[in-house]
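Text of model-v8.pdb (PDB, C-alpha atoms) as supplied:
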```
MODEL        1
ATOM      1  CA  MET X 402      -8.795  -1.654 -20.285
ATOM      2  CA  ARG X 403      -7.088  -4.068 -22.617
ATOM      3  CA  GLU X 404      -9.520  -6.284 -24.531
ATOM      4  CA  THR X 405      -8.115  -9.787 -25.291
ATOM      5  CA  LYS X 406      -9.896 -12.886 -26.498
ATOM      6  CA  LYS X 407     -11.238 -15.346 -23.945
ATOM      7  CA  ARG X 408     -13.627 -18.301 -24.224
ATOM      8  CA  ARG X 409     -16.002 -19.715 -21.627
ATOM      9  CA  PRO X 410     -18.665 -22.530 -21.509
ATOM     10  CA  ASN X 411     -21.581 -22.703 -24.026
ATOM     11  CA  SER X 412     -25.431 -22.431 -24.364
ATOM     12  CA  SER X 413     -27.987 -20.497 -26.573
ATOM     13  CA  ALA X 414     -31.195 -18.313 -26.821
ATOM     14  CA  LEU X 415     -31.776 -14.572 -26.607
ATOM     15  CA  ALA X 416     -31.728 -12.229 -23.641
ATOM     16  CA  THR X 417     -32.947  -8.628 -23.704
ATOM     17  CA  LEU X 418     -31.227  -5.625 -22.166
ATOM     18  CA  GLN X 419     -33.067  -2.603 -20.823
ATOM     19  CA  HIS X 420     -31.839   0.960 -20.328
ATOM     20  CA  ILE X 421     -32.305   2.074 -16.729
ATOM     21  CA  LEU X 422     -31.401   5.773 -16.881
ATOM     22  CA  LEU X 423     -34.092   8.439 -17.298
ATOM     23  CA  LEU X 424     -34.427   9.183 -21.014
ATOM     24  CA  ALA X 425     -36.785  10.738 -23.549
ATOM     25  CA  PRO X 426     -39.820   8.636 -24.628
ATOM     26  CA  PRO X 427     -38.716   5.429 -26.377
ATOM     27  CA  LEU X 428     -38.229   5.664 -30.117
ATOM     28  CA  SER X 429     -40.376   3.364 -32.256
ATOM     29  CA  THR X 430     -38.721   0.836 -34.531
ATOM     30  CA  PRO X 431     -39.478   1.858 -38.152
ATOM     31  CA  SER X 432     -42.085  -0.427 -39.736
ATOM     32  CA  GLN X 433     -39.846  -1.107 -42.710
ATOM     33  CA  CYS X 434     -37.158  -2.316 -40.292
ATOM     34  CA  THR X 435     -39.383  -4.543 -38.133
ATOM     35  CA  PRO X 436     -37.307  -7.616 -37.272
ATOM     36  CA  LYS X 437     -38.473 -11.145 -37.908
ATOM     37  CA  PRO X 438     -40.120 -12.857 -34.896
ATOM     38  CA  THR X 439     -37.461 -14.103 -32.469
ATOM     39  CA  PRO X 440     -37.702 -15.537 -28.942
ATOM     40  CA  HIS X 441     -36.818 -12.306 -27.143
ATOM     41  CA  PHE X 442     -38.972 -10.244 -24.832
ATOM     42  CA  LEU X 443     -40.318  -6.725 -25.290
ATOM     43  CA  LEU X 444     -39.620  -4.363 -22.426
ATOM     44  CA  SER X 445     -41.153  -1.509 -20.523
ATOM     45  CA  ARG X 446     -38.736   1.220 -19.507
ATOM     46  CA  VAL X 447     -37.764   1.653 -15.863
ATOM     47  CA  GLN X 448     -37.933   5.331 -14.945
ATOM     48  CA  MET X 449     -35.089   5.445 -12.437
ATOM     49  CA  ALA X 450     -32.497   2.940 -11.319
ATOM     50  CA  SER X 451     -32.034   1.973  -7.708
ATOM     51  CA  GLY X 452     -29.658   4.473  -6.073
ATOM     52  CA  MET X 453     -30.304   7.164  -8.687
ATOM     53  CA  ARG X 454     -31.822  10.401  -7.439
ATOM     54  CA  GLU X 455     -32.859  13.760  -8.864
ATOM     55  CA  CYS X 456     -30.894  16.692  -7.465
ATOM     56  CA  ALA X 457     -33.239  19.187  -5.815
ATOM     57  CA  ALA X 458     -31.157  22.092  -7.147
ATOM     58  CA  CYS X 459     -30.089  21.258 -10.716
ATOM     59  CA  GLY X 460     -32.657  18.570 -11.539
ATOM     60  CA  ARG X 461     -30.177  16.043 -12.916
ATOM     61  CA  ILE X 462     -30.596  12.311 -12.272
ATOM     62  CA  LEU X 463     -27.367  11.269 -10.543
ATOM     63  CA  PRO X 464     -25.935   8.183  -8.760
ATOM     64  CA  ARG X 465     -25.581   8.092  -4.995
ATOM     65  CA  SER X 466     -21.842   8.758  -5.307
ATOM     66  CA  SER X 467     -22.651  12.280  -6.578
ATOM     67  CA  TYR X 468     -24.084  13.216  -3.156
ATOM     68  CA  THR X 469     -22.414  13.664   0.201
ATOM     69  CA  ALA X 470     -23.652  11.324   2.937
ATOM     70  CA  ASN X 471     -25.359  14.257   4.672
ATOM     71  CA  GLN X 472     -27.204  15.382   1.542
ATOM     72  CA  TYR X 473     -28.258  11.880   0.516
ATOM     73  CA  ALA X 474     -29.670  11.245   3.996
ATOM     74  CA  LYS X 475     -32.107  14.161   3.530
ATOM     75  CA  GLY X 476     -34.094  12.000   1.111
ATOM     76  CA  ALA X 477     -35.543  12.373  -2.375
ATOM     77  CA  GLY X 478     -36.699  15.876  -3.258
ATOM     78  CA  LEU X 479     -34.361  17.502  -0.723
ATOM     79  CA  SER X 480     -30.892  16.185  -1.607
ATOM     80  CA  ARG X 481     -28.501  18.469  -3.466
ATOM     81  CA  CYS X 482     -25.606  16.941  -5.411
ATOM     82  CA  ALA X 483     -21.977  17.710  -4.535
ATOM     83  CA  SER X 484     -21.681  19.853  -7.659
ATOM     84  CA  CYS X 485     -24.418  22.190  -6.462
ATOM     85  CA  VAL X 486     -23.220  22.222  -2.847
ATOM     86  CA  HIS X 487     -19.499  22.692  -3.513
ATOM     87  CA  GLY X 488     -19.393  23.953  -7.094
ATOM     88  CA  HIS X 489     -17.198  21.134  -8.452
ATOM     89  CA  HIS X 490     -19.064  20.689 -11.702
ATOM     90  CA  SER X 491     -16.201  19.118 -13.659
ATOM     91  CA  ASP X 492     -16.659  15.678 -12.101
ATOM     92  CA  ALA X 493     -20.456  15.535 -12.341
ATOM     93  CA  PRO X 494     -22.203  13.774 -15.249
ATOM     94  CA  SER X 495     -22.809  16.121 -18.155
ATOM     95  CA  ALA X 496     -26.218  17.801 -18.226
ATOM     96  CA  ALA X 497     -26.331  17.435 -22.040
ATOM     97  CA  PRO X 498     -24.535  15.154 -24.502
ATOM     98  CA  SER X 499     -20.987  16.249 -25.187
ATOM     99  CA  ASP X 500     -19.808  16.860 -28.749
ATOM    100  CA  SER X 501     -17.100  14.266 -28.112
ATOM    101  CA  GLY X 502     -19.496  11.570 -26.932
ATOM    102  CA  ARG X 503     -20.572   8.478 -28.881
ATOM    103  CA  TYR X 504     -23.844   7.338 -27.315
ATOM    104  CA  ASN X 505     -26.113   4.304 -27.329
ATOM    105  CA  ILE X 506     -29.092   6.375 -28.610
ATOM    106  CA  SER X 507     -31.200   3.254 -28.220
ATOM    107  CA  TYR X 508     -33.437   1.803 -25.528
ATOM    108  CA  SER X 509     -32.943  -1.925 -25.907
ATOM    109  CA  SER X 510     -30.698  -4.595 -27.363
ATOM    110  CA  THR X 511     -30.432  -8.362 -27.544
ATOM    111  CA  VAL X 512     -27.528 -10.589 -26.606
ATOM    112  CA  THR X 513     -27.475 -14.346 -27.149
ATOM    113  CA  TYR X 514     -26.743 -16.659 -24.276
ATOM    114  CA  ASP X 515     -23.927 -18.079 -26.344
ATOM    115  CA  ALA X 516     -22.344 -14.614 -26.498
ATOM    116  CA  LEU X 517     -22.735 -14.196 -22.734
ATOM    117  CA  GLU X 518     -21.298 -17.615 -21.940
ATOM    118  CA  ASN X 519     -18.460 -17.146 -24.440
ATOM    119  CA  PRO X 520     -17.269 -13.507 -24.130
ATOM    120  CA  PHE X 521     -15.236 -12.455 -27.154
ATOM    121  CA  ALA X 522     -12.982 -10.207 -25.061
ATOM    122  CA  GLN X 523     -12.020  -9.256 -21.542
ATOM    123  CA  GLY X 524     -10.436  -6.389 -19.694
ATOM    124  CA  ALA X 525      -8.640  -6.158 -16.382
ATOM    125  CA  PHE X 526     -11.783  -6.932 -14.391
ATOM    126  CA  ARG X 527     -14.708  -7.288 -16.848
ATOM    127  CA  TRP X 528     -15.980  -9.678 -19.502
ATOM    128  CA  VAL X 529     -17.156  -8.290 -22.865
ATOM    129  CA  ALA X 530     -19.904  -9.740 -25.099
ATOM    130  CA  LYS X 531     -21.356  -8.499 -28.374
ATOM    131  CA  GLY X 532     -25.052  -7.761 -28.938
ATOM    132  CA  THR X 533     -27.386  -5.880 -31.296
ATOM    133  CA  TYR X 534     -29.484  -2.739 -30.766
ATOM    134  CA  THR X 535     -33.177  -3.400 -31.364
ATOM    135  CA  ASP X 536     -34.559   0.141 -31.653
ATOM    136  CA  GLY X 537     -33.654   3.810 -32.052
ATOM    137  CA  PRO X 538     -31.206   5.364 -34.523
ATOM    138  CA  ARG X 539     -28.743   2.518 -33.900
ATOM    139  CA  TYR X 540     -31.314  -0.169 -34.737
ATOM    140  CA  GLY X 541     -29.492  -3.213 -36.124
ATOM    141  CA  GLU X 542     -26.019  -1.932 -35.180
ATOM    142  CA  ALA X 543     -23.652  -3.844 -32.909
ATOM    143  CA  CYS X 544     -23.197  -3.008 -29.240
ATOM    144  CA  VAL X 545     -21.124  -4.505 -26.443
ATOM    145  CA  VAL X 546     -22.069  -5.303 -22.865
ATOM    146  CA  LYS X 547     -19.539  -5.488 -20.031
ATOM    147  CA  TRP X 548     -19.922  -7.071 -16.610
ATOM    148  CA  PHE X 549     -17.685  -7.755 -13.631
ATOM    149  CA  LYS X 550     -15.700 -10.964 -13.431
ATOM    150  CA  THR X 551     -16.218 -10.991  -9.678
ATOM    151  CA  GLY X 552     -19.950 -11.692  -9.886
ATOM    152  CA  ALA X 553     -23.442 -10.400 -10.628
ATOM    153  CA  VAL X 554     -24.315  -6.747  -9.938
ATOM    154  CA  PHE X 555     -27.862  -5.510  -9.283
ATOM    155  CA  GLU X 556     -27.182  -1.871  -8.290
ATOM    156  CA  ALA X 557     -26.182   0.943 -10.654
ATOM    157  CA  ASP X 558     -23.902   2.469  -8.005
ATOM    158  CA  TYR X 559     -21.260  -0.167  -8.739
ATOM    159  CA  PHE X 560     -20.609   1.580 -12.052
ATOM    160  CA  ALA X 561     -20.479   5.117 -10.643
ATOM    161  CA  LEU X 562     -16.694   5.462 -10.996
ATOM    162  CA  ASP X 563     -16.832   4.217 -14.596
ATOM    163  CA  ILE X 564     -19.396   6.887 -15.457
ATOM    164  CA  LYS X 565     -17.394   9.494 -13.555
ATOM    165  CA  ALA X 566     -14.214   8.683 -15.520
ATOM    166  CA  VAL X 567     -16.084   8.840 -18.839
ATOM    167  CA  ASN X 568     -17.502  12.267 -17.981
ATOM    168  CA  LYS X 569     -14.048  13.609 -17.134
ATOM    169  CA  ALA X 570     -12.685  12.095 -20.360
ATOM    170  CA  LEU X 571     -15.469  13.813 -22.343
ATOM    171  CA  GLU X 572     -14.597  17.144 -20.793
ATOM    172  CA  LEU X 573     -10.908  16.761 -21.656
ATOM    173  CA  ALA X 574     -11.560  15.429 -25.165
ATOM    174  CA  ASN X 575     -13.781  18.430 -25.890
ATOM    175  CA  LEU X 576     -11.025  20.832 -24.865
ATOM    176  CA  PHE X 577      -8.459  18.925 -26.914
ATOM    177  CA  ASN X 578     -10.699  18.938 -30.002
ATOM    178  CA  GLU X 579     -11.232  22.684 -29.649
ATOM    179  CA  LEU X 580      -7.463  23.203 -30.016
ATOM    180  CA  ARG X 581      -7.498  21.508 -33.439
ATOM    181  CA  VAL X 582      -4.208  19.767 -32.701
ATOM    182  CA  VAL X 583      -5.121  17.420 -35.560
ATOM    183  CA  ASP X 584      -7.729  17.662 -38.317
ATOM    184  CA  LYS X 585      -9.687  14.699 -36.918
ATOM    185  CA  SER X 586     -11.795  14.361 -33.769
ATOM    186  CA  VAL X 587     -11.295  12.355 -30.608
ATOM    187  CA  LYS X 588     -14.538  10.680 -29.536
ATOM    188  CA  VAL X 589     -15.322   8.811 -26.325
ATOM    189  CA  ASN X 590     -17.757   5.917 -26.099
ATOM    190  CA  VAL X 591     -20.310   6.782 -23.423
ATOM    191  CA  ALA X 592     -21.255   3.581 -21.653
ATOM    192  CA  ALA X 593     -24.552   3.519 -19.762
ATOM    193  CA  VAL X 594     -25.870   1.168 -17.102
ATOM    194  CA  TRP X 595     -28.467  -1.229 -18.536
ATOM    195  CA  LYS X 596     -30.116  -4.262 -16.995
ATOM    196  CA  PHE X 597     -31.498  -7.589 -18.134
ATOM    197  CA  THR X 598     -35.267  -7.887 -17.968
ATOM    198  CA  ASP X 599     -36.805 -10.114 -15.313
ATOM    199  CA  ASN X 600     -38.381 -12.492 -17.831
ATOM    200  CA  VAL X 601     -35.129 -14.175 -18.878
ATOM    201  CA  ALA X 602     -33.177 -17.036 -17.322
ATOM    202  CA  ALA X 603     -32.729 -16.677 -13.572
ATOM    203  CA  ASP X 604     -28.933 -16.417 -13.740
ATOM    204  CA  TRP X 605     -29.173 -13.191 -15.801
ATOM    205  CA  ALA X 606     -32.536 -11.652 -14.793
ATOM    206  CA  GLY X 607     -32.144  -8.183 -13.289
ATOM    207  CA  ARG X 608     -28.359  -8.093 -13.612
ATOM    208  CA  MET X 609     -26.734  -4.726 -14.339
ATOM    209  CA  VAL X 610     -24.151  -4.295 -17.095
ATOM    210  CA  LEU X 611     -22.491  -1.483 -19.029
ATOM    211  CA  CYS X 612     -23.670  -1.099 -22.630
ATOM    212  CA  GLU X 613     -22.008   0.959 -25.367
ATOM    213  CA  PRO X 614     -21.575   0.998 -29.163
ATOM    214  CA  PHE X 615     -19.217  -1.592 -30.639
ATOM    215  CA  ILE X 616     -15.771  -0.343 -31.727
ATOM    216  CA  GLN X 617     -14.078  -1.832 -34.780
ATOM    217  CA  ASN X 618     -10.317  -2.396 -35.133
ATOM    218  CA  TYR X 619      -9.771  -2.165 -31.366
ATOM    219  CA  GLN X 620      -6.227  -1.293 -30.307
ATOM    220  CA  LYS X 621      -4.371   0.228 -27.387
ATOM    221  CA  PHE X 622      -2.355   3.449 -27.585
ATOM    222  CA  ASN X 623      -1.047   3.935 -24.035
ATOM    223  CA  SER X 624      -1.536   2.613 -20.502
ATOM    224  CA  ASN X 625      -1.887   4.118 -17.029
ATOM    225  CA  THR X 626       1.758   3.352 -16.159
ATOM    226  CA  GLY X 627       3.402   5.196 -19.053
ATOM    227  CA  TRP X 628       3.648   2.470 -21.683
ATOM    228  CA  ASN X 629       2.777   3.770 -25.150
ATOM    229  CA  ASP X 630       2.769   2.697 -28.769
ATOM    230  CA  ASP X 631       3.847   5.696 -30.783
ATOM    231  CA  SER X 632       4.804   3.665 -33.850
ATOM    232  CA  ARG X 633       1.792   5.181 -35.627
ATOM    233  CA  VAL X 634       0.572   8.752 -35.880
ATOM    234  CA  TRP X 635      -2.507   8.188 -33.722
ATOM    235  CA  GLY X 636      -0.280   6.791 -30.992
ATOM    236  CA  GLU X 637       1.569  10.107 -30.930
ATOM    237  CA  VAL X 638      -1.710  12.013 -30.881
ATOM    238  CA  MET X 639      -2.915   9.996 -27.887
ATOM    239  CA  GLN X 640       0.302  10.742 -26.014
ATOM    240  CA  ALA X 641      -0.263  14.423 -26.757
ATOM    241  CA  LEU X 642      -3.843  14.134 -25.449
ATOM    242  CA  SER X 643      -2.567  12.648 -22.185
ATOM    243  CA  HIS X 644       0.036  15.427 -21.884
ATOM    244  CA  PHE X 645      -2.588  18.073 -22.665
ATOM    245  CA  SER X 646      -4.949  16.704 -19.989
ATOM    246  CA  TYR X 647      -2.283  17.333 -17.344
ATOM    247  CA  HIS X 648      -1.607  20.836 -18.658
ATOM    248  CA  VAL X 649      -5.222  21.986 -18.977
ATOM    249  CA  THR X 650      -6.162  20.756 -15.469
ATOM    250  CA  GLY X 651      -3.219  22.424 -13.771
ATOM    251  CA  GLY X 652      -1.534  19.094 -13.054
ATOM    252  CA  GLN X 653      -4.544  17.621 -11.270
ATOM    253  CA  PHE X 654      -5.468  14.901 -13.778
ATOM    254  CA  VAL X 655      -4.059  12.753 -16.578
ATOM    255  CA  LEU X 656      -6.322  11.053 -19.127
ATOM    256  CA  CYS X 657      -4.619   7.810 -20.127
ATOM    257  CA  ASP X 658      -4.997   4.076 -20.770
ATOM    258  CA  LEU X 659      -6.280   5.222 -24.141
ATOM    259  CA  GLN X 660      -7.654   2.503 -26.412
ATOM    260  CA  GLY X 661     -10.252   2.203 -29.136
ATOM    261  CA  GLY X 662     -10.661   2.218 -32.900
ATOM    262  CA  ILE X 663      -9.481   4.461 -35.736
ATOM    263  CA  TYR X 664     -12.186   5.585 -38.163
ATOM    264  CA  GLN X 665     -12.089   7.754 -41.274
ATOM    265  CA  ARG X 666     -12.801  11.057 -39.515
ATOM    266  CA  GLU X 667     -12.125  10.255 -35.863
ATOM    267  CA  VAL X 668     -10.697   7.946 -33.268
ATOM    268  CA  VAL X 669     -13.185   6.457 -30.783
ATOM    269  CA  LEU X 670     -11.946   5.658 -27.276
ATOM    270  CA  SER X 671     -13.394   3.383 -24.602
ATOM    271  CA  ASP X 672     -12.695   2.599 -20.934
ATOM    272  CA  PRO X 673     -10.432   5.587 -20.222
ATOM    273  CA  VAL X 674      -8.490   5.880 -16.992
ATOM    274  CA  ILE X 675      -8.165   9.116 -15.048
ATOM    275  CA  LEU X 676      -5.120   9.588 -12.818
ATOM    276  CA  SER X 677      -5.823  12.181 -10.144
ATOM    277  CA  ARG X 678      -3.967  13.833  -7.276
ATOM    278  CA  ARG X 679      -6.564  12.593  -4.777
ATOM    279  CA  ARG X 680      -7.151   9.120  -6.285
ATOM    280  CA  ASP X 681     -10.835   9.851  -6.840
ATOM    281  CA  TYR X 682     -11.335   7.487  -9.782
ATOM    282  CA  GLY X 683     -11.099   3.973  -8.387
ATOM    283  CA  VAL X 684      -8.607   1.131  -8.530
ATOM    284  CA  THR X 685      -7.036   2.136 -11.867
ATOM    285  CA  ASP X 686      -6.320   5.664 -10.593
ATOM    286  CA  LEU X 687      -2.692   5.351  -9.478
ATOM    287  CA  GLY X 688      -2.698   8.833  -7.961
ATOM    288  CA  PRO X 689       0.341  11.157  -7.799
ATOM    289  CA  ASP X 690       2.761   8.236  -8.207
ATOM    290  CA  GLY X 691       0.942   7.227 -11.373
ATOM    291  CA  ILE X 692       1.117  10.768 -12.774
ATOM    292  CA  SER X 693       4.831  10.958 -12.022
ATOM    293  CA  SER X 694       5.454   7.531 -13.510
ATOM    294  CA  PHE X 695       3.479   8.354 -16.657
ATOM    295  CA  PHE X 696       5.561  11.438 -17.394
ATOM    296  CA  SER X 697       8.842   9.700 -16.578
ATOM    297  CA  HIS X 698       8.189   7.611 -19.693
ATOM    298  CA  HIS X 699       6.716  10.395 -21.826
ATOM    299  CA  THR X 700       8.715  12.077 -24.581
ATOM    300  CA  CYS X 701       7.069  15.067 -26.205
ATOM    301  CA  ASN X 702       6.317  14.590 -29.892
ATOM    302  CA  ARG X 703       5.276  16.848 -32.782
ATOM    303  CA  PHE X 704       1.711  17.133 -31.435
ATOM    304  CA  CYS X 705       2.709  18.281 -27.942
ATOM    305  CA  ARG X 706       3.052  22.023 -27.550
ATOM    306  CA  PRO X 707       6.123  23.555 -25.892
ATOM    307  CA  ASN X 708       4.059  25.659 -23.480
ATOM    308  CA  TRP X 709       2.249  22.637 -22.019
ATOM    309  CA  ALA X 710       3.152  22.064 -18.382
ATOM    310  CA  LYS X 711       4.861  18.883 -17.190
ATOM    311  CA  PRO X 712       5.795  17.575 -13.731
ATOM    312  CA  TRP X 713       9.216  18.641 -12.566
ATOM    313  CA  ASN X 714      11.633  15.715 -12.296
ATOM    314  CA  PRO X 715       9.077  12.857 -12.667
ATOM    315  CA  VAL X 716      10.034   9.495 -11.168
ATOM    316  CA  ALA X 717       9.124   6.040 -12.487
ATOM    317  CA  ARG X 718       7.057   4.500  -9.690
ATOM    318  CA  TYR X 719       5.580   1.786 -11.922
ATOM    319  CA  ASP X 720       6.998  -0.335 -14.686
ATOM    320  CA  PRO X 721       5.498   0.687 -18.053
ATOM    321  CA  VAL X 722       3.297  -2.248 -19.065
ATOM    322  CA  PRO X 723       0.612  -2.423 -21.802
ATOM    323  CA  GLY X 724      -2.070  -3.743 -19.470
ATOM    324  CA  THR X 725      -4.134  -1.665 -17.069
ATOM    325  CA  THR X 726      -2.526  -1.572 -13.628
ATOM    326  CA  MET X 727      -4.777  -1.537 -10.573
ATOM    327  CA  ILE X 728      -4.061  -0.597  -6.979
ATOM    328  CA  ARG X 729      -6.115  -1.775  -4.039
ATOM    329  CA  ASN X 730      -6.299  -0.606  -0.457
ATOM    330  CA  THR X 731      -5.408  -3.696   1.566
ATOM    331  CA  VAL X 732      -4.515  -4.365   5.200
ATOM    332  CA  PRO X 733      -2.324  -7.186   6.525
ATOM    333  CA  THR X 734      -4.070 -10.255   7.900
ATOM    334  CA  ALA X 735      -3.076 -12.598  10.694
ATOM    335  CA  TYR X 736      -3.184 -16.372  10.769
ATOM    336  CA  SER X 737      -6.223 -17.752  12.595
ATOM    337  CA  ARG X 738      -4.080 -20.238  14.500
ATOM    338  CA  PRO X 739      -0.405 -20.429  15.490
ATOM    339  CA  ARG X 740       1.995 -21.783  12.919
ATOM    340  CA  PHE X 741       4.527 -24.378  13.968
ATOM    341  CA  ARG X 742       7.946 -24.498  12.442
TER
ENDMDL
END
```

Serialized structure, structure tokens:
Amino acid sequence: MRETKKRRPNSSALATLQHILLLAPPLSTPSQCTPKPTPHFLLSRVQMASGMRECAACGRILPRSSYTANQYAKGAGLSRCASCVHGHHSDAPSAAPSDSGRYNISYSSTVTYDALENPFAQGAFRWVAKGTYTDGPRYGEACVVKWFKTGAVFEADYFALDIKAVNKALELANLFNELRVVDKSVKVNVAAVWKFTDNVAADWAGRMVLCEPFIQNYQKFNSNTGWNDDSRVWGEVMQALSHFSYHVTGGQFVLCDLQGGIYQREVVLSDPVILSRRRDYGVTDLGPDGISSFFSHHTCNRFCRPNWAKPWNPVARYDPVPGTTMIRNTVPTAYSRPRFR
């Protein structure tokens, strides 16, 4: 998701975000780091978000999208996730933090109303504002919150495909790092669903957002249509990562739309897109046509390995553009009354 600057109307004060996923007991803010009194609100942790449920087999807390309709209908304590029923563990949220993940490791943060009303960046369908962690190991560090341009969200399920794509990206980044293609690591920002507390202004109270660590020097390396910037070494590495993701999954997936920041020992990615044969990853998943189009514009570089598989005779179905391309399932509509010529 391409982040570009965008301004909106103004106001001020502090709002507090709250983590809604089941976590370990909250970490205390060190006494020597206690912040000066500010007009924000302390929070009590919610144990489980609406729509989240513990799998009766594996014990993981998962969104509704991780269950079949039949299993979810059995109710809490009886439902088994699709991973346990069908054995497709690769698409389920990780049971433990991945080595390639960069996590919030915090339980709360603050964001000013001015930041919310004047997002510093935007993507294809979300606004982005900057905040600050208020506890945990990231106390005092910057975070970002992301919310839909289309309106307020109060259910965690709306973010299920985002979380699903991040988990697949983590899996693929781990495998890529294990190959030691380069002497640096590829990390993936792991966004989590947080919500505003109820004791803030009515227009933000209870709203769900994605929260993740802030990335410095944000840039884009490739898109989901095959565009890429290989003018720098990391651009070539990202193209190799996309190629590798196709190879290691037997042609079923391509990790792309890679963007983030370059650090001393690693590159940190955010908002990855997964292209899949079955279009399982939402509106940015362009399916088989997207995979074919991506490789029609791909030229292997020094980081790609000659034994890595590629599609045979790929065809450009999409123009290679830097932005994130989305596809929607639409049906034709009819006019409500006759038109006269």

Query - Ground truth for the PyMOL selection byres ((chain X and resi 660-665) around 6), written as a VMD selection string - result: chain X and resid 616 to 622 659 666 to 671

Query raised in the report: Taking all atoms listed in the file into account, which of X:Leu687, X:Cys701, X:Cys456, X:Ile692 comes nearest Asp631 of chain X?
Result: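 Using all atoms listed in the file, the shortest distance to Asp631 of chain X belongs to X:Cys701.
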
Query - Selection result for the PyMOL selection byres ((chain X and resi 681) around 12) on this file, as a list in words - result: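 Evaluating the PyMOL selection byres ((chain X and resi 681) around 12) on this file yields Ser466, Asp492, Ala561, Leu562, Asp563, Lys565, Ala566, Lys569, Gln653, Phe654, Val674, Ile675, Leu676, Ser677, Arg678, Arg679, Arg680, Tyr682, Gly683, Val684, Thr685, Asp686, Leu687, Gly688 and Pro689 of chain X.
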
Query raised in the report: Smallest atom-to-atom distance to Thr551 of chain X: which of X:Ala530, X:Val601, X:Ala457, X:Ala525, using only C-alpha atoms?
Result: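 The answer is X:Ala525, which sits nearest to Thr551 of chain X.
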
Query raised in the report: Expressed in Å to a single decimal, how great is the separation between atom CA of Lys550 of chain X and atom CA of Lys596 of chain X?
Result: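 Taking atom CA of Lys550 of chain X and atom CA of Lys596 of chain X, their separation equals 16.3 Å.
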